[in-house]
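Enquirer: My structure is below; once you've seen it, I'll send some questions.
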Amino acid sequence: MHPPPPPPSSTRTHTQSTFRILTTKLPILKSDPIDALHARLGIPIPEMIFGDNLLSLTHLPTNWSLSFSAEPALDLVDKTGSNGSMLRVAYANEWSATREKTSSGIKEVVKPFDWSYSTTYKGTEVKGKGGKCFEKNEREEIPLELLKRRDPILFHDEVVLYESELDDNGISALTVKVRVMEQRMLVLCRFFLRLDNVLVRVRDTRVYVDFEEEKVVREWMSREDKFENVKKNLYMSGLMPDAITVALRDSNQVANLLPVVEHEVESVSLKSG
Amino acid sequence: MSDLDRAIAQLRACRPIPETEVRELCHKARELLIEEGNVVTVNAPVTICGDIHGQFHDLMELFRVGGDVPDTNYLFMGDFVDRGFYSLESFLLLLCLKVRYPDRMTLIRGNHESRQITTVYGFYDECLRKYGSANVWRYCCDVFDYLALGAIVLGASYTLPASPGRPLATPPGADVEIEVCNADQQIISQFLRKGRGDPPNGSMENGVVQQSNGVSSSTPTNTGPPGSGASGSSGGSLGNPAGAVLCVHGGLSPLIDSIDKIRLLDRKQEVPHEGAMCDLLWSDPDEIDGWGLSPRGAGFLFGADIVKVFNQKNDLSLIARAHQLVMEGFKEMFDATIVTVWSAPNYCYRCGNVAALLELSEDDSGLGVLARSNGDVNRSDGGFPGGGAGPLRGVLTESEVDSKPLLPGPARRYRVFMAAAQDSRGMPAKKPVADYFL
């Protein structure tokens, strides 16, 4: 079987100041690698699994790096569904009620796990020379005003790590994108979950690099709300019903409507001396 | 040129037809579909296709690879719409072909052929965008309610007819069970028949792949020479050497133990959230024993034992289904008793997967020639020798099931194809834009 030809160049790199940024984009995994991943992780793998995709950021002088890929992200998904993380589709009660009568012999949930693939992944960090790594630093913040400036973008990319259609009950997707300007860069790794008529969840990891100071700030922000609240808020913002359906597919249109449930900031300074 | 032929030509060019024509087309299609039973009987040769999802240009590629209608007899297992950019053109073209060549085109319902799902996953928006109103979406949804729930393929051959090119070093008279070809008619791999076991899937290695044990010695002993039609186990499938193939979008249901029970459902409604009809369109095979509940809180999973019992009981050799993305385009499971066929290459324009279609050829023994039947209950399977569907493919006691050998599967040719070239879709490949995201 001939595989689809890889995209013209599946890996791209860009070096800016003392940092090297690398992205790899390849098709979804084939059956055998999926089976192997399944065996390693112990949970069913999302149907769109870009297991070869990667975005990494390396500080060349110290070899400190932070990378984003699917396997470690899926490794952080609750694999037993035991800690109350188990979501149910909107019509689950209705569904099981009618099944009581007709198929009551079938009670066993097959391998429970967090099938929404909600992850707390913030990237995979490799310590730099001298053990430099992220430390909690709640005084630090990402300078949004500087990022709003229309500085020329020298390198940008968007890499999907995994995506599930949740059996047509919504969407669960982990994507990471990057833009590099002359003095700074930003990475956004976003987990987006829309479980129709149940909830909307956005978990963002932002990584900001100041090239001059060789400082990296990582901000984690988890937001979520009930589906009906999100819908109501979109309606209150003046959208018509059809536009609301469209907006609910776009994490950018809903993220800021969701209350923040978790927030933390870390930073690492990589400048020598 | 008739109006219908003109509409087909226009849709083939990926141009929508006027709303009034859609209404008329949907009306005609409904009249046609209402006559079909829940399980349509289709005779081999037939080419079985999985999900399309509005990827119009890839559907054109599928027709290029599989042959055009009406030269090729097609069976599409649902999910014509949603996610792709051209659900409307794809579905209307298939519907036009159905109306134009009713006996050469079989459409069965997928879980996306539903009002609720199309509202969320794109088809509704597309209709609104292309027509300015939801009328066309409504006409199409009314057709969805009449689509059959499944199909039975009869008369499929136990052996593969020779391909135009046979570059592989197949021993003369070798009994090829599975052949995988690429879009250019080249054979990529062949598997010889050796009884059940070691089902391949598309992930087999490049080049010559042959399972060498058993050219003829290990073929099931109850089966006569290829083409003779002498299938010792053909209890309910006289003159059908390979056993019948059930085609359904999703899978089995714990409420359905015989095909006749599918025939008794009231299908002319929106896809319900529960019950047998829902299961047929939504359930998935999984590596489990028996039945299981999906962790999502709705939906069933079924294991190899369920498929084997169902196939034995219903004189089936194979279940063909769609519904799940498989990177290689097809995936056989459970000793080749069930196969997933996926026909949307580069799914959602970003997965990079290949697609496949499954060709079952005609048994040329002369015994398997049957008229197409709409497959209603209590109706003969269209000249099926031995008469009605009832006693033959109906109930068997457990002991009978145990003693009955598995029917040999039909010879299967998978044609694997890639997404249509980017320049044929009239739109640039999606590139990430340099946006100032925060």
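By order in the structure tokens, chains are A, B, ...; within a chain, residues start at 1; ligands start at 1, following the order shown.
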Please, which residues of chain A lie no more than 6 Å from chain B when the count uses only C-alpha atoms, and can they be set out as number ranges by chain?

Expert: A: 1, 27-28, 30, 88-89, 92, 95, 108-110, 112

Enquirer: Would you put the residues from that selection into a file with N, CA and C atoms, as a short mmCIF file (atom, residue, chain, number, x, y, z; two decimals), in the first residue's frame?

Expert:
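Ended up saving to part.cif:
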data_model
loop_
_atom_site.label_atom_id
_atom_site.label_comp_id
_atom_site.auth_asym_id
_atom_site.auth_seq_id
_atom_site.Cartn_x
_atom_site.Cartn_y
_atom_site.Cartn_z
N MET A 1 0.84 -1.19 0.00
CA MET A 1 0.00 0.00 0.00
C MET A 1 0.88 1.23 0.00
N PRO A 27 0.46 12.95 8.53
CA PRO A 27 -0.91 12.42 8.60
C PRO A 27 -1.18 11.70 9.92
N ILE A 28 -2.45 11.37 10.14
CA ILE A 28 -2.81 10.60 11.33
C ILE A 28 -2.10 9.25 11.30
N LYS A 30 -1.26 5.28 11.42
CA LYS A 30 -1.84 4.08 10.84
C LYS A 30 -2.21 3.09 11.95
N ARG A 88 -21.03 12.40 30.69
CA ARG A 88 -21.98 11.58 29.94
C ARG A 88 -22.63 12.45 28.88
N VAL A 89 -22.93 11.86 27.75
CA VAL A 89 -23.58 12.63 26.70
C VAL A 89 -24.95 13.09 27.18
N ALA A 92 -27.83 10.64 27.77
CA ALA A 92 -27.46 9.36 28.40
C ALA A 92 -28.56 8.83 29.30
N TRP A 95 -31.36 7.55 27.29
CA TRP A 95 -30.90 6.35 26.60
C TRP A 95 -30.92 5.15 27.54
N GLU A 108 -22.34 -3.51 31.75
CA GLU A 108 -20.94 -3.18 31.94
C GLU A 108 -20.47 -2.10 30.97
N VAL A 109 -19.93 -1.05 31.57
CA VAL A 109 -19.32 -0.02 30.75
C VAL A 109 -17.94 -0.53 30.35
N VAL A 110 -17.70 -0.52 29.05
CA VAL A 110 -16.43 -1.04 28.55
C VAL A 110 -15.32 -0.09 28.93
N PRO A 112 -13.99 2.00 31.35
CA PRO A 112 -14.28 3.42 31.56
C PRO A 112 -12.99 4.26 31.57
#

Enquirer: Considering only alpha helix (DSSP H) as DSSP defines it on the backbone, what residues of segment 123-252 of chain A qualify? List them as an MDAnalysis selection string.

Expert: chainID A and resid 144:148 227:236 241:247 251:252

Enquirer: State, in Å with one decimal place, the distance from atom CA of Leu186 of chain A to atom CA of Ser65 of chain A.

Expert: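 Those two atoms sit 14.7 Å apart.
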
Enquirer: Name the residues in contact with segment 248-251 of chain A at a cut-off of 10 Å, using only C-alpha atoms, excluding same-chain residues fewer than 6 positions from it; report them as a list of chain:residue names.

Expert: A:Gly170, A:Ile171, A:Ala173, A:Arg190, A:Phe191, A:Phe192, A:Leu193, A:Arg194, A:Asp196, A:Val200, A:Arg201, A:Val202, A:Phe227, A:Val230, A:Lys231, A:Leu234, B:Val120, B:Tyr121
